[in-house]
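Undergrad: Dropping a structure here in structure tokens format, bear with me for questions.
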Amino acid sequence: MEIKQQPTTAVRAMIDRLSRRMIITGAGALAVVWIVAGFLFPDSWAGVLLGIAASPSTHTATLRLAVPIALAAIGGIFAEKSGVINIGIEGLLIVSAFSAIIVTFWLGSGESTLALSHHWWGLFAGVVASTLFALLFAVVCIEFKADQIIAGLAVWLIALGLAPFVSRIVFDSPNTGNVGTFDNVTIPLLSELPFVGYLLFDTPPQVYLMLGSAAAGWYLLTQTSFGRWVIASGENPKALDTAGVDVRKVRYTAVLLSGVFAGLGGAGFALGQLGTFAGGGETDIQGRGFIAIATYLFANYHPLGALGGSFLFAGLDALQIRLQAAGYAVPTELIRTIPYVTVIVVLVFVGRTTLPDAAGENYESGED
Amino acid sequence: MTETRTGADETDPSGRPSTNSDLAVHLDGITKRFPGVIANDDVDLAVERGTVHALLGENGAGKTTLMNVLYGLYEPNEGRVVVDGTERSFESPRDAIETGIGMIHQHFMLVDTMTVAENIALGNEPRKWFGLAVDRDRIDQKIHDLCDRYGFDVDPQATVSDLSVGAQQRVEILKALYRGADILILDEPTAVLTPQEVEGLYDVLEELTAQGKTIIFITHKLGEATHAADEITVLRDGKSVGTVDPNQTSQDELAEYMVGREVLLEAEADAREAGETVLSAADLTVEDARDVEVVSGIDLEVHAGEIFGIAGVDGNGQAELIESITGLMTPDEGTISFGGKDVTEWSRRERIAAGMAYIPEDRHERGLVMSFDLVENGVLGSQRSPEFSRSGRINWDGVRDHTESVIDTYDVRPPDADADAESLSGGNQQKFIVGREFERDPDLVVATHPTRGVDIGSTEFIHDRLLDLRREGVAILLVSSKLDEVRSLSDRLAVIYEGQFMDVTDPDDLTEEELGLLMAGERPEERPVSESTTGTDSSMDATGSDAAFGPETGDTGGESE
């Protein structure tokens, strides 16, 4: 479906004048002013902010907070590139995070079965739960040709209700018990490297999973034949069909992959960062699945770009948390709007995000 | 007419058709039913190896259905599919591809954002590293070899959306060859090509058959069938009429076979003086949604009682030009006047009310609401006119009467005002839109591809109605990719190329070759560019059989003895 754009005069002209380069230059100049001011006046706002931004603990927190966003975004890329917009990715994060915690709790944290710590079994359970939810979504969208947006919202709403409901039965409270978090995995020698050592090689396992998944996602999408089929399925499914590839299978696989990646993100976040899961309100996931969608649009569906984008948004979150801790009252709600505002700015001013041509459209073979 | 029906007539004593080993394809008694329709009724088709075989018929005659059966998209209800002497039963196109059948669809099956190489290898990528990566070098090498062998010039690394339509078609053919196709099915391959590109396609077909490939060429254009094919099988209403040798038949005879009755070959049209200016555009410039200038400073004037034609390959700015005139797009520069008033800023609704009728290019997207019935569709565009609406309430009885008269006059089938628009065939949907728009009592009719997908009989009728309106003094702006249609109907003809008029002239002053060159953006050198003349003293003699068979695009050289 093509929407013809009516070039409305004033707004359009203003946007044209504010070119992409000007925005980048402007943002760069602001950053330089901030850093210089921070150095000169360490006690000022700029100085405190600079101090927090430069501290290793902020960097470590950024990586950990990026886990659910990056992995959900990579999953979302596969689904949407194949033509199925998975707006329910937030629900997948909730389901996997909750299942991971509750399974670890049931098995008993701190112990192990078959020489594998129960945290790992919990992670596995989270991925399985999320994948099953993704399967449900795929069946509804691909088999029964439901509207993808509505089905996605349903996945989110079901997860939003299910997690606190089960938690109330088990724990008599919407919040689960605490199971503790993953220990850091320290890689000898590499962790001694200056600057990057503590960041990349002395970190909990979910961060390794995130980095590995981003690389694997990039490879799968750009280097393998399956990746090409995913892209073709989202751009022109009929072309793929006539080339003898089953569009349904490709889309099922892509949506299930989104479940696996989102599951790793949700379960990894819960077991590596939270240790417990608060199912009340918007849950502990706090809209990170939606931020993930904003992130991959911002990155124009590039898995590595999505990883970078998740660092940006997680970094702002880490900054905000530390500012709160330092006694500065920054409204969290305002910080949370930043990813969405960024995406709107990117879409309007830069306009480099190109949605797959057949995204959101159900496909039936043999239909003319 | 010498009928050389191969196939079912050549039966051996046991009553079963012989399987001639020289036949690349033998379809025997194929019947394919859809709910309520028999698309193919006991159709036989025998195609010799190394030949071009045309499958000729009107829209809806069952040509594409028959080929979809051969290609494994449909399973026949009855009949046998024999390929290279072996009976086959294809579950899916994949089976057909493995048997060496390739299909080049009318709408190309290419992923625009991918490269030529990625498209050609799609679904069949050679792999390396234990299947972990696509072997790009091997794809490029194989494409290179194919290009060398068949004399193609295609850059494997080019992005498909950057290629011309002709080049995209060659990519489609390469895609089939890459998969090892020996039998190529081309569905209406010339519909989107310029006359020059059509010539190029004929050369490609010749090269392919010279190397032993077999071609099945689906077309509804007589000239193409007689020019390119070694044998022609004519389909009508889902039945095979017969197989003929093009050298031993005439176009008239073929036409009769296609339609089932004698066809009126002359469209009568009298010369007349053009009246006052009804529509004029000055220095019109339009940018599309991507801010690319697609219409660049066009001036035009359409007079009462005149048909002003615009010829050109699709996508050269026609759509945007027309949408600015009808009020669906806002031009970036320039003015549009209608009936002496500046209407540049007028809304679509105001333009309809002022007497501008519009037959849109895309009948699904713009012309009809597919899930509405014909009564509801019949009032679209007039929902606010006092005739059908009073204080916001629609007078459905009045609308129904009006719709039924349109259905009756324009022979819309089935004649059921309660049928949903989507249940009608494309040709009948088109007739309905044409009727609805013509019956608005307009001062200006903007008609884009008014006979697209319409059979010969209805095409004649629509052409006659256009000429009637012209006689009544209505101004008509006609856009069509069918060259014969715009040439024979227009009093003045503009050729559009990349958003500019290459020339505005009397269509009789242009040969088909010159028209083809103009459409490809080249000015014929020997002819000075004539100023746009408003005179319509040209006789409107239809150009023989071609005029009656409007759907003939660019069969250049086909019949030029």
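By convention here, the chains of the structure tokens are called A, B, ... in the order presented, each chain's residues are numbered starting at 1, and ligands are numbered starting at 1 in the order presented.
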If you run DSSP on this backbone, which residues of region 285-474 of chain B come out as helix (DSSP H, G or I), and could you give them as JSON, numbers by chain?
TA: {"B": [318, 319, 320, 321, 322, 323, 324, 325, 326, 348, 349, 350, 351, 352, 353, 363, 364, 365, 366, 367, 374, 375, 376, 377, 378, 396, 397, 398, 399, 400, 401, 402, 403, 404, 405, 406, 407, 408, 409, 421, 422, 423, 426, 427, 428, 429, 430, 431, 432, 433, 434, 435, 436, 437, 438, 456, 457, 458, 459, 460, 461, 462, 463, 464, 465, 466, 467, 468, 469, 470, 471]}
Undergrad: Grab the residues selected above and save them as a PDB file, in the first residue's frame with C-alpha atoms.
TA:
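Listed below is the output, again.pdb:
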ATOM      1  CA  GLN B 318       1.969  10.167 -16.288  1.00  0.00           C
ATOM      2  CA  ALA B 319       0.552   9.121 -12.936  1.00  0.00           C
ATOM      3  CA  GLU B 320       1.724  12.262 -11.151  1.00  0.00           C
ATOM      4  CA  LEU B 321       0.639  14.544 -13.979  1.00  0.00           C
ATOM      5  CA  ILE B 322      -2.825  13.022 -13.957  1.00  0.00           C
ATOM      6  CA  GLU B 323      -3.125  13.042 -10.180  1.00  0.00           C
ATOM      7  CA  SER B 324      -2.249  16.740 -10.052  1.00  0.00           C
ATOM      8  CA  ILE B 325      -4.897  17.481 -12.648  1.00  0.00           C
ATOM      9  CA  THR B 326      -7.541  15.442 -10.851  1.00  0.00           C
ATOM     10  CA  ARG B 348     -10.749  16.642  -5.365  1.00  0.00           C
ATOM     11  CA  ARG B 349     -14.338  17.099  -4.226  1.00  0.00           C
ATOM     12  CA  GLU B 350     -14.588  20.579  -5.724  1.00  0.00           C
ATOM     13  CA  ARG B 351     -13.158  19.327  -8.997  1.00  0.00           C
ATOM     14  CA  ILE B 352     -15.688  16.499  -9.208  1.00  0.00           C
ATOM     15  CA  ALA B 353     -18.483  18.948  -8.536  1.00  0.00           C
ATOM     16  CA  ARG B 363      -8.983   0.395 -10.309  1.00  0.00           C
ATOM     17  CA  HIS B 364      -8.392  -1.529  -7.075  1.00  0.00           C
ATOM     18  CA  GLU B 365      -6.696   1.244  -5.210  1.00  0.00           C
ATOM     19  CA  ARG B 366      -8.434   4.274  -6.619  1.00  0.00           C
ATOM     20  CA  GLY B 367     -11.492   3.238  -8.556  1.00  0.00           C
ATOM     21  CA  LEU B 374     -21.942  -2.061  -6.913  1.00  0.00           C
ATOM     22  CA  VAL B 375     -24.689   0.189  -5.551  1.00  0.00           C
ATOM     23  CA  GLU B 376     -22.325   1.568  -2.937  1.00  0.00           C
ATOM     24  CA  ASN B 377     -19.549   1.851  -5.493  1.00  0.00           C
ATOM     25  CA  GLY B 378     -21.935   3.511  -7.910  1.00  0.00           C
ATOM     26  CA  TRP B 396     -30.244   4.664  -1.925  1.00  0.00           C
ATOM     27  CA  ASP B 397     -33.201   4.007  -4.219  1.00  0.00           C
ATOM     28  CA  GLY B 398     -31.979   6.705  -6.571  1.00  0.00           C
ATOM     29  CA  VAL B 399     -28.446   5.356  -6.414  1.00  0.00           C
ATOM     30  CA  ARG B 400     -29.682   1.849  -7.158  1.00  0.00           C
ATOM     31  CA  ASP B 401     -31.590   2.993 -10.228  1.00  0.00           C
ATOM     32  CA  HIS B 402     -28.559   4.876 -11.447  1.00  0.00           C
ATOM     33  CA  THR B 403     -26.237   1.931 -10.802  1.00  0.00           C
ATOM     34  CA  GLU B 404     -28.553  -0.469 -12.590  1.00  0.00           C
ATOM     35  CA  SER B 405     -28.662   1.786 -15.619  1.00  0.00           C
ATOM     36  CA  VAL B 406     -24.839   1.905 -15.660  1.00  0.00           C
ATOM     37  CA  ILE B 407     -24.656  -1.893 -15.367  1.00  0.00           C
ATOM     38  CA  ASP B 408     -27.171  -2.238 -18.170  1.00  0.00           C
ATOM     39  CA  THR B 409     -25.662   0.326 -20.528  1.00  0.00           C
ATOM     40  CA  ALA B 421     -16.956  -5.245  -6.524  1.00  0.00           C
ATOM     41  CA  GLU B 422     -14.291  -7.838  -5.767  1.00  0.00           C
ATOM     42  CA  SER B 423     -16.437 -10.644  -7.165  1.00  0.00           C
ATOM     43  CA  GLY B 426     -11.091  -7.100 -13.820  1.00  0.00           C
ATOM     44  CA  GLY B 427     -12.627  -6.263 -17.183  1.00  0.00           C
ATOM     45  CA  ASN B 428     -16.103  -5.912 -15.709  1.00  0.00           C
ATOM     46  CA  GLN B 429     -14.820  -3.785 -12.845  1.00  0.00           C
ATOM     47  CA  GLN B 430     -13.272  -1.534 -15.465  1.00  0.00           C
ATOM     48  CA  LYS B 431     -16.500  -1.309 -17.480  1.00  0.00           C
ATOM     49  CA  PHE B 432     -18.348  -0.357 -14.314  1.00  0.00           C
ATOM     50  CA  ILE B 433     -15.909   2.446 -13.466  1.00  0.00           C
ATOM     51  CA  VAL B 434     -15.973   3.731 -17.033  1.00  0.00           C
ATOM     52  CA  GLY B 435     -19.758   3.767 -16.941  1.00  0.00           C
ATOM     53  CA  ARG B 436     -19.935   5.501 -13.589  1.00  0.00           C
ATOM     54  CA  GLU B 437     -17.540   8.214 -14.689  1.00  0.00           C
ATOM     55  CA  PHE B 438     -19.004   8.754 -18.156  1.00  0.00           C
ATOM     56  CA  ILE B 456     -12.002  -6.713 -27.405  1.00  0.00           C
ATOM     57  CA  GLY B 457     -15.762  -6.314 -27.541  1.00  0.00           C
ATOM     58  CA  SER B 458     -15.869  -4.048 -24.491  1.00  0.00           C
ATOM     59  CA  THR B 459     -12.832  -2.152 -25.713  1.00  0.00           C
ATOM     60  CA  GLU B 460     -14.707  -1.296 -28.905  1.00  0.00           C
ATOM     61  CA  PHE B 461     -17.656  -0.176 -26.835  1.00  0.00           C
ATOM     62  CA  ILE B 462     -15.583   2.044 -24.532  1.00  0.00           C
ATOM     63  CA  HIS B 463     -13.844   3.577 -27.543  1.00  0.00           C
ATOM     64  CA  ASP B 464     -17.213   4.303 -29.145  1.00  0.00           C
ATOM     65  CA  ARG B 465     -18.444   5.937 -25.958  1.00  0.00           C
ATOM     66  CA  LEU B 466     -15.305   8.071 -25.777  1.00  0.00           C
ATOM     67  CA  LEU B 467     -15.943   9.211 -29.345  1.00  0.00           C
ATOM     68  CA  ASP B 468     -19.603   9.906 -28.480  1.00  0.00           C
ATOM     69  CA  LEU B 469     -18.549  12.106 -25.583  1.00  0.00           C
ATOM     70  CA  ARG B 470     -16.126  13.886 -27.862  1.00  0.00           C
ATOM     71  CA  ARG B 471     -18.934  14.485 -30.333  1.00  0.00           C
TER      72      ARG B 471
END
Undergrad: Using only C-alpha atoms, find which residues of chain B lie within 7 Å of chain A and jot them down as a list in words.
TA: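 Putting it all together, I get Leu73, Pro93, Arg94, Met109, Leu110, Val111, Leu122, Gly123, Glu125, Leu132, Ala133, Val134, Ala289, Met329 and Thr330 of chain B.
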Undergrad: Near Ile101 (chain A), within 9 Å and counting only C-alpha atoms, which residues show up once chain neighbours fewer than 2 positions away are dropped, as a PyMOL selection string?
TA: chain A and resi 96-99+103-106+119+122-123+126+176-179+267+270-271+275-277
Undergrad: Save the residues we just selected, C-alpha atoms, as a short mmCIF file (atom, residue, chain, number, x, y, z; two decimals), in the first residue's frame?
TA:
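To be explicit, this is the file written out as selection.cif:
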data_model
loop_
_atom_site.label_atom_id
_atom_site.label_comp_id
_atom_site.auth_asym_id
_atom_site.auth_seq_id
_atom_site.Cartn_x
_atom_site.Cartn_y
_atom_site.Cartn_z
CA SER A 96 10.95 -14.97 29.40
CA ALA A 97 12.11 -12.87 32.34
CA PHE A 98 9.33 -14.16 34.57
CA SER A 99 9.71 -17.81 33.50
CA VAL A 103 11.98 -21.88 37.12
CA THR A 104 15.25 -21.01 38.82
CA PHE A 105 13.33 -20.48 42.04
CA TRP A 106 11.53 -23.82 41.75
CA HIS A 119 20.42 -20.19 36.71
CA GLY A 122 16.21 -20.89 34.25
CA LEU A 123 17.68 -19.10 31.26
CA GLY A 126 12.91 -18.43 29.71
CA THR A 176 8.68 -13.15 42.83
CA GLY A 177 11.23 -14.18 45.42
CA ASN A 178 14.89 -13.35 44.91
CA VAL A 179 17.13 -15.93 43.23
CA ALA A 267 15.84 -14.20 30.77
CA ALA A 270 16.21 -11.12 34.81
CA LEU A 271 18.87 -13.59 35.92
CA GLY A 275 17.53 -11.51 40.42
CA THR A 276 13.81 -11.10 41.01
CA PHE A 277 10.82 -10.08 38.95
#
Undergrad: Give me the residues near Ile142 (chain A) as a PyMOL selection string, where near means some atom within 9 Å (using only C-alpha atoms) and where sequence neighbours in that chain fewer than 6 positions away do not count.
TA: chain A and resi 84+248+251-252+362-364
Undergrad: Work out how far CA of Ala357 (chain B) is from CA of Gly340 (chain B), in Å to one decimal.
TA: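 Atom-to-atom, CA of Gly340 (chain B) and CA of Ala357 (chain B) are spaced 17.0 Å apart.
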Undergrad: Quick one, how far is CA of Met114 (chain B) from CA of Thr159 (chain B)?
TA: 5.7 Å
Undergrad: With a distance cut-off of 6 Å and only C-alpha atoms, select the neighbouring residues of region 229-239 of chain B, excluding the residue or stretch itself and same-chain residues fewer than 5 positions from it, and output the selection as an mmCIF file with N, CA and C atoms, in the first residue's frame.
TA:
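Result file is result12.cif:
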data_model
loop_
_atom_site.group_PDB
_atom_site.id
_atom_site.type_symbol
_atom_site.label_atom_id
_atom_site.label_comp_id
_atom_site.auth_asym_id
_atom_site.auth_seq_id
_atom_site.Cartn_x
_atom_site.Cartn_y
_atom_site.Cartn_z
ATOM 1 N N ALA B 39 -12.052 -22.513 -15.748
ATOM 2 C CA ALA B 39 -11.021 -21.662 -16.346
ATOM 3 C C ALA B 39 -10.409 -22.346 -17.558
ATOM 4 N N ASN B 40 -10.211 -23.644 -17.475
ATOM 5 C CA ASN B 40 -9.710 -24.415 -18.612
ATOM 6 C C ASN B 40 -10.640 -25.602 -18.805
ATOM 7 N N ASP B 41 -11.094 -25.783 -20.051
ATOM 8 C CA ASP B 41 -12.055 -26.842 -20.324
ATOM 9 C C ASP B 41 -11.484 -27.767 -21.390
ATOM 10 N N VAL B 43 -8.426 -28.594 -22.435
ATOM 11 C CA VAL B 43 -7.491 -27.899 -23.317
ATOM 12 C C VAL B 43 -6.314 -28.808 -23.662
ATOM 13 N N VAL B 52 9.178 -21.317 -30.683
ATOM 14 C CA VAL B 52 8.394 -20.349 -29.918
ATOM 15 C C VAL B 52 6.932 -20.650 -30.190
ATOM 16 N N HIS B 53 6.199 -20.926 -29.137
ATOM 17 C CA HIS B 53 4.786 -21.268 -29.287
ATOM 18 C C HIS B 53 3.958 -20.199 -28.585
ATOM 19 N N ALA B 54 3.121 -19.509 -29.362
ATOM 20 C CA ALA B 54 2.301 -18.457 -28.746
ATOM 21 C C ALA B 54 0.982 -19.037 -28.264
ATOM 22 N N LEU B 55 0.570 -18.585 -27.086
ATOM 23 C CA LEU B 55 -0.729 -18.944 -26.531
ATOM 24 C C LEU B 55 -1.547 -17.668 -26.589
ATOM 25 N N LEU B 56 -2.469 -17.625 -27.560
ATOM 26 C CA LEU B 56 -3.154 -16.376 -27.860
ATOM 27 C C LEU B 56 -4.592 -16.437 -27.371
ATOM 28 N N GLY B 57 -5.040 -15.342 -26.797
ATOM 29 C CA GLY B 57 -6.433 -15.303 -26.354
ATOM 30 C C GLY B 57 -6.707 -13.992 -25.649
ATOM 31 N N ALA B 61 -9.327 -15.699 -21.050
ATOM 32 C CA ALA B 61 -9.541 -16.874 -21.885
ATOM 33 C C ALA B 61 -8.953 -18.130 -21.247
ATOM 34 N N GLY B 62 -8.148 -17.943 -20.214
ATOM 35 C CA GLY B 62 -7.596 -19.096 -19.506
ATOM 36 C C GLY B 62 -6.144 -19.388 -19.822
ATOM 37 N N VAL B 244 -2.470 -23.109 -35.039
ATOM 38 C CA VAL B 244 -2.268 -22.709 -36.427
ATOM 39 C C VAL B 244 -0.822 -22.313 -36.667
ATOM 40 N N ASP B 245 -0.452 -22.360 -37.936
ATOM 41 C CA ASP B 245 0.846 -21.878 -38.374
ATOM 42 C C ASP B 245 0.679 -20.404 -38.759
ATOM 43 N N MET B 258 -10.207 -15.643 -31.772
ATOM 44 C CA MET B 258 -10.098 -15.172 -30.386
ATOM 45 C C MET B 258 -11.443 -14.733 -29.843
#
Undergrad: If DSSP is run on the backbone, what residues of region 173-340 of chain A are strand (DSSP E)? A reply as a list in words would be ideal.
TA: Val185, Thr186, Asp202 and Thr203 of chain A
Undergrad: Using Å and a single decimal, report how far CA of Met103 (chain B) sits from CA of Ile185 (chain B).
TA: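 If I compute the distance from CA of Ile185 (chain B) to CA of Met103 (chain B), I get 4.6 Å.
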